[in-house]
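*Asks:* Let me give you the structure first, and then I'll get to my questions.
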Amino acid sequence: MFTLRFDMRAPAWGAPAAALYAAVPEMCAWAEEHGGLAAVLCEHHGSEDGYLPSPMMLAPAIAARTKRLAMNLILILPFYEPVRLAEDMAVLDIISGGRASYTMALGYRPEEFEHFGLTVGERGRLADEKLPLLRRLLAGETVVEDGRRITVTPQPLTDGGPAMLWGGGTVAAARRAGRYGLGMLGNANAPGMQEAYEAACREHGHEPGPTMFPGRDTASVVFVADDVDAAWKELGEHLLHDVRMYAAWNPGDETTAGFTHVNTVEELRDASASHVIISVPEAISRVRAGQMLNLSPLCGGLPPEIAWPYLERVGEVVLPEASR
């Protein structure tokens, strides 16, 4: 009843990037044996703290150390060449035994589009052009486009290609997911998203798929501690870095889950529902109630030697006790 989320932020005052990346496959292998359900890999570019730019490279390292753990890769579709992406997805599908799924997104940071020589205004058109080709290639079609013949080999292990969702936090994103005929993994629950999604599905001849629209109070970064006060002293600056970076990228956003507009560790502890440190009894209660613990063990460049005990506490104390 827990997931692992990795964005690989490595601020200069945190753990070195090499130590963080080395810890990820180890943590995933451990999680697989202790009740972990999935690893979520996120993508951003040009961030001063080294945010993960390539989930497609980190995922095979996880696949090589695990046999059952699911992986969800969040990719910013406009930044990818669809033929090469289809090939990479096919190979990852084979080596992971079909355990990798994808959440495609448009992206939103102008700096990242500049990084790739694009503009934010192009993102919708690029997604509309790239997604159909990507899906056809993964489904095994030979596509003739602009006079070229395109066939992806080897074909994915998963019939029809890996599972794919659309991501975003606005009504417009929900409409796009419905138009594409994809399920929707939202990062917000803005009014009307579910209705817009279902209406767009029907308008374009699709059956509505699975949706998830987390509220602002969803805990996206969870740590479990024996002593919550001591944990805030140990972890607080790392959690604050994470939340402030996301807030800086989303000024004025009061809808998206996953961050809070705060300036100090004390404010984060008092006001945040996104980044929480809970006691063992509270964690047991949440698991027994069917809630998922969304763990981000290396949040804000947390050194692995500090992160491990918090992770182990979930798998070795919380879950066994919750199952009694």
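Starting from 1 in every chain, residues are counted up; chains themselves are A, B, ... following the order of the structure tokens, and ligands are numbered from 1 as listed.
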With only C-alpha atoms as the counted atoms, please give the residues lying no more than 9 Å from Ser96 (chain A), apart from itself and same-chain residues fewer than 5 positions off, as a VMD selection string.
*Replies:* chain A and resid 59 to 60 62 to 64 66 to 68 70 91
*Asks:* Which residues, written as a list in words, have at least one atom at most 10 Å from Thr264 (chain A), with only C-alpha atoms counted and residues fewer than 3 positions away on the same chain left out?
*Replies:*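 Once the adjacent positions are removed, what remains is Gly236, Glu237, Leu240, His241, Arg244, His261, Glu267, Leu268, Arg269 and Asp270 of chain A.
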*Asks:* Residues at most 8 Å from Ala200 (chain A), counting only C-alpha atoms, excluding those fewer than 2 positions away in the same chain, as a PyMOL selection string?
*Replies:* chain A and resi 175-179+196-198+202-204
*Asks:* Would you list the contacts of region 99-104 of chain A as a PyMOL selection string, taking every protein, DNA or RNA residue within 7 Å and counting only C-alpha atoms, but skipping same-chain residues closer than 4 positions in sequence?
*Replies:* chain A and resi 70-77+93+162-167
*Asks:* Mind dumping the selected residues with C-alpha atoms as a PDB file, in the first residue's frame?
*Replies:*
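File produced: again-v7.pdb:
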```pdb
ATOM      1  CA  ALA A  70       5.195  -1.436 -11.644  1.00  0.00           C
ATOM      2  CA  MET A  71       6.633   1.772 -13.059  1.00  0.00           C
ATOM      3  CA  ASN A  72       4.829   4.867 -14.249  1.00  0.00           C
ATOM      4  CA  LEU A  73       6.866   7.307 -16.310  1.00  0.00           C
ATOM      5  CA  ILE A  74       5.561  10.852 -16.600  1.00  0.00           C
ATOM      6  CA  LEU A  75       6.786  12.219 -19.945  1.00  0.00           C
ATOM      7  CA  ILE A  76       6.433  15.676 -21.469  1.00  0.00           C
ATOM      8  CA  LEU A  77       5.376  14.580 -24.933  1.00  0.00           C
ATOM      9  CA  ASP A  93       8.309  -2.948 -22.297  1.00  0.00           C
ATOM     10  CA  PRO A 162       2.230  -0.122 -23.018  1.00  0.00           C
ATOM     11  CA  ALA A 163      -0.621   1.413 -21.039  1.00  0.00           C
ATOM     12  CA  MET A 164      -0.871   5.149 -21.514  1.00  0.00           C
ATOM     13  CA  LEU A 165      -2.728   7.919 -19.685  1.00  0.00           C
ATOM     14  CA  TRP A 166      -2.931  11.661 -20.147  1.00  0.00           C
ATOM     15  CA  GLY A 167      -1.877  13.978 -17.338  1.00  0.00           C
TER      16      GLY A 167
END
```
*Asks:* If you measure from CA of Tyr51 (chain A) to CA of Gln291 (chain A), what distance in Å do you get, rounded to one decimal?
*Replies:*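 About the pair CA of Tyr51 (chain A) and CA of Gln291 (chain A): they are 27.7 Å apart.
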*Asks:* Can you list, as a PyMOL selection string, every protein, DNA or RNA residue that comes within 12 Å of Arg109 (chain A) when you count only C-alpha atoms, leaving out same-chain residues fewer than 5 positions away?
*Replies:* chain A and resi 43-47+76+114-116+118-121+123+246+248-251
*Asks:* May I have the residues from that selection written out with all heavy atoms, as a compact mmCIF listing (two decimals), in the first residue's frame?
*Replies:*
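Wrote again_32.txt, looks like this:
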```
# COMPACT_ATOMS: atom_id res chain seq x y z
N GLU A 43 9.49 14.07 -14.81
CA GLU A 43 10.40 14.70 -15.78
C GLU A 43 10.29 16.21 -15.76
O GLU A 43 9.19 16.76 -15.80
CB GLU A 43 10.08 14.20 -17.19
CG GLU A 43 10.86 14.91 -18.29
CD GLU A 43 10.47 14.48 -19.70
OE1 GLU A 43 9.61 13.60 -19.84
OE2 GLU A 43 11.04 15.03 -20.66
N HIS A 44 11.43 16.87 -15.67
CA HIS A 44 11.55 18.30 -15.97
C HIS A 44 12.97 18.54 -16.49
O HIS A 44 13.84 17.67 -16.37
CB HIS A 44 11.27 19.16 -14.74
CG HIS A 44 9.80 19.39 -14.49
ND1 HIS A 44 9.00 20.11 -15.34
CD2 HIS A 44 8.99 18.95 -13.49
CE1 HIS A 44 7.77 20.13 -14.88
NE2 HIS A 44 7.72 19.42 -13.77
N HIS A 45 13.19 19.74 -17.03
CA HIS A 45 14.47 20.01 -17.70
C HIS A 45 15.04 21.36 -17.28
O HIS A 45 14.31 22.32 -17.05
CB HIS A 45 14.27 20.00 -19.23
CG HIS A 45 13.80 18.68 -19.74
ND1 HIS A 45 14.67 17.70 -20.18
CD2 HIS A 45 12.55 18.16 -19.87
CE1 HIS A 45 13.98 16.64 -20.56
NE2 HIS A 45 12.69 16.89 -20.38
N GLY A 46 16.38 21.40 -17.21
CA GLY A 46 17.07 22.65 -16.96
C GLY A 46 16.87 23.20 -15.56
O GLY A 46 17.15 24.39 -15.32
N SER A 47 16.41 22.39 -14.62
CA SER A 47 16.20 22.85 -13.26
C SER A 47 17.55 23.01 -12.55
O SER A 47 18.44 22.17 -12.70
CB SER A 47 15.33 21.87 -12.49
OG SER A 47 15.18 22.26 -11.14
N ILE A 76 6.93 14.46 -20.83
CA ILE A 76 6.43 15.68 -21.47
C ILE A 76 6.52 15.46 -22.98
O ILE A 76 7.58 15.62 -23.60
CB ILE A 76 7.24 16.90 -21.01
CG1 ILE A 76 7.20 17.01 -19.48
CG2 ILE A 76 6.67 18.18 -21.64
CD1 ILE A 76 8.08 18.11 -18.91
N GLU A 114 12.04 26.55 -24.29
CA GLU A 114 13.20 27.23 -24.84
C GLU A 114 14.40 26.29 -24.90
O GLU A 114 15.18 26.31 -25.85
CB GLU A 114 13.52 28.45 -23.98
CG GLU A 114 14.72 29.25 -24.47
CD GLU A 114 15.05 30.42 -23.56
OE1 GLU A 114 14.32 30.65 -22.57
OE2 GLU A 114 16.05 31.11 -23.84
N HIS A 115 14.55 25.47 -23.87
CA HIS A 115 15.63 24.48 -23.79
C HIS A 115 15.67 23.59 -25.02
O HIS A 115 16.75 23.21 -25.50
CB HIS A 115 15.38 23.65 -22.52
CG HIS A 115 16.37 22.58 -22.22
ND1 HIS A 115 17.55 22.81 -21.55
CD2 HIS A 115 16.35 21.24 -22.47
CE1 HIS A 115 18.20 21.68 -21.40
NE2 HIS A 115 17.51 20.71 -21.95
N PHE A 116 14.49 23.28 -25.56
CA PHE A 116 14.39 22.41 -26.73
C PHE A 116 14.15 23.18 -28.03
O PHE A 116 13.87 22.58 -29.07
CB PHE A 116 13.26 21.39 -26.53
CG PHE A 116 13.62 20.29 -25.57
CD1 PHE A 116 13.24 20.36 -24.25
CD2 PHE A 116 14.37 19.20 -26.00
CE1 PHE A 116 13.58 19.35 -23.35
CE2 PHE A 116 14.71 18.18 -25.11
CZ PHE A 116 14.32 18.26 -23.78
N LEU A 118 11.71 25.30 -28.62
CA LEU A 118 10.27 25.34 -28.89
C LEU A 118 9.65 26.49 -28.11
O LEU A 118 10.31 27.14 -27.31
CB LEU A 118 9.62 24.02 -28.47
CG LEU A 118 10.18 22.74 -29.08
CD1 LEU A 118 9.60 21.52 -28.39
CD2 LEU A 118 9.90 22.69 -30.58
N THR A 119 8.37 26.72 -28.33
CA THR A 119 7.62 27.68 -27.53
C THR A 119 6.42 26.98 -26.92
O THR A 119 5.91 25.99 -27.46
CB THR A 119 7.12 28.85 -28.39
OG1 THR A 119 6.17 28.38 -29.35
CG2 THR A 119 8.27 29.54 -29.11
N VAL A 120 5.98 27.52 -25.79
CA VAL A 120 4.82 26.93 -25.11
C VAL A 120 3.61 26.91 -26.02
O VAL A 120 2.80 25.98 -25.99
CB VAL A 120 4.52 27.72 -23.81
CG1 VAL A 120 3.19 27.27 -23.22
CG2 VAL A 120 5.63 27.52 -22.80
N GLY A 121 3.50 27.92 -26.87
CA GLY A 121 2.35 27.98 -27.77
C GLY A 121 2.26 26.83 -28.76
O GLY A 121 1.19 26.58 -29.33
N ARG A 123 2.84 23.64 -27.97
CA ARG A 123 2.75 22.36 -27.29
C ARG A 123 1.51 21.56 -27.65
O ARG A 123 1.58 20.35 -27.81
CB ARG A 123 2.83 22.56 -25.77
CG ARG A 123 1.71 23.42 -25.20
CD ARG A 123 1.90 23.65 -23.72
NE ARG A 123 0.78 24.42 -23.18
CZ ARG A 123 0.48 24.48 -21.89
NH1 ARG A 123 1.22 23.83 -21.01
NH2 ARG A 123 -0.55 25.20 -21.49
N TYR A 246 8.46 23.76 -6.57
CA TYR A 246 7.21 23.57 -7.31
C TYR A 246 6.35 24.83 -7.26
O TYR A 246 5.72 25.21 -8.25
CB TYR A 246 6.44 22.38 -6.76
CG TYR A 246 6.93 21.05 -7.25
CD1 TYR A 246 7.46 20.12 -6.36
CD2 TYR A 246 6.88 20.72 -8.60
CE1 TYR A 246 7.92 18.88 -6.81
CE2 TYR A 246 7.33 19.49 -9.05
CZ TYR A 246 7.86 18.58 -8.16
OH TYR A 246 8.32 17.37 -8.61
N ALA A 248 7.38 27.90 -7.01
CA ALA A 248 7.98 28.91 -7.89
C ALA A 248 7.63 28.67 -9.35
O ALA A 248 7.52 29.61 -10.14
CB ALA A 248 9.50 28.93 -7.70
N TRP A 249 7.48 27.40 -9.71
CA TRP A 249 7.10 27.07 -11.08
C TRP A 249 5.61 27.29 -11.34
O TRP A 249 5.18 27.29 -12.50
CB TRP A 249 7.44 25.60 -11.37
CG TRP A 249 8.90 25.31 -11.44
CD1 TRP A 249 9.93 26.20 -11.43
CD2 TRP A 249 9.51 24.02 -11.55
NE1 TRP A 249 11.13 25.56 -11.51
CE2 TRP A 249 10.91 24.21 -11.59
CE3 TRP A 249 9.00 22.72 -11.61
CZ2 TRP A 249 11.81 23.14 -11.69
CZ3 TRP A 249 9.90 21.66 -11.71
CH2 TRP A 249 11.29 21.88 -11.75
N ASN A 250 4.83 27.42 -10.27
CA ASN A 250 3.37 27.54 -10.40
C ASN A 250 2.84 28.71 -9.58
O ASN A 250 2.02 28.53 -8.67
CB ASN A 250 2.70 26.23 -9.92
CG ASN A 250 3.05 25.04 -10.77
OD1 ASN A 250 2.39 24.74 -11.75
ND2 ASN A 250 4.13 24.35 -10.38
N PRO A 251 3.29 29.93 -9.86
CA PRO A 251 2.86 31.07 -9.04
C PRO A 251 1.35 31.28 -9.10
O PRO A 251 0.74 31.22 -10.17
CB PRO A 251 3.61 32.25 -9.67
CG PRO A 251 3.93 31.81 -11.07
CD PRO A 251 4.16 30.33 -10.98
```
*Asks:* Between A:Val143, A:Ala61, A:Ala15, A:Leu157, which one has atoms that come closest to Ala29 (chain A), using only C-alpha atoms?
*Replies:*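 The closest residue to Ala29 (chain A) is A:Ala61.
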*Asks:* As a ChimeraX atom specification, please: every residue in region 57-239 of chain A that DSSP puts in strand (DSSP E).
*Replies:* /A:70-76,100-105,143-145,148-150,164-168,183-186,211-212,221-225
*Asks:* Among region 164-287 of chain A, which residues carry a DSSP assignment of helix (DSSP H, G or I), reported as an MDAnalysis selection string?
*Replies:* chainID A and resid 171:180 193:203 228:249 265:271 280:287
*Asks:* CA of Phe6 (chain A) and CA of Leu131 (chain A) are how many Å apart?
*Replies:* 24.9 Å
*Asks:* Could you work out how far CA of Thr218 (chain A) lies from CA of Ser274 (chain A), giving the answer in Å with one decimal?
*Replies:*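 About the pair CA of Ser274 (chain A) and CA of Thr218 (chain A): they are 5.8 Å apart.
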*Asks:* Would you mind listing what lies within 10 Å of Ala31 (chain A) as a list in words, with only C-alpha atoms counted and same-chain residues fewer than 3 positions away left out?
*Replies:* Phe2, Thr3, Leu4, Pro25, Glu26, Met27, Cys28, His34, Gly35, Gly36, Leu37, Ala38, Ala39, Thr66, Leu69, Leu311, Glu312, Val314 and Gly315 of chain A
*Asks:* Looking at A:Cys42, A:Leu235, A:Val224, A:Ala271, which one is nearest to Val318 (chain A), with distances taken over only C-alpha atoms?
*Replies:*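 Selected residue with least distance to Val318 (chain A): A:Val224.
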*Asks:* At a cut-off of 7 Å, using only C-alpha atoms, what residues contact Arg216 (chain A)? Leave out same-chain residues fewer than 5 positions from it and give the result as a PyMOL selection string.
*Replies:* chain A and resi 188+255-257
*Asks:* For a quick check of understanding, using only C-alpha atoms, which of A:Gly160, A:Gly169, A:Pro191, A:Gly300 has the smallest distance to Val221 (chain A)?
*Replies:* A:Gly300
*Asks:* Can you work out which one of A:Phe259, A:Trp232, A:Met184, A:Asp49 has the shortest atom-to-atom distance to Pro210 (chain A), counting only C-alpha atoms?
*Replies:*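 For Pro210 (chain A), the nearest of the given residues is A:Met184.
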*Asks:* Between A:Asp226, A:Asp242, A:Glu305, A:Glu254, which has the minimum distance to Glu282 (chain A) (counting only C-alpha atoms)?
*Replies:* A:Asp226
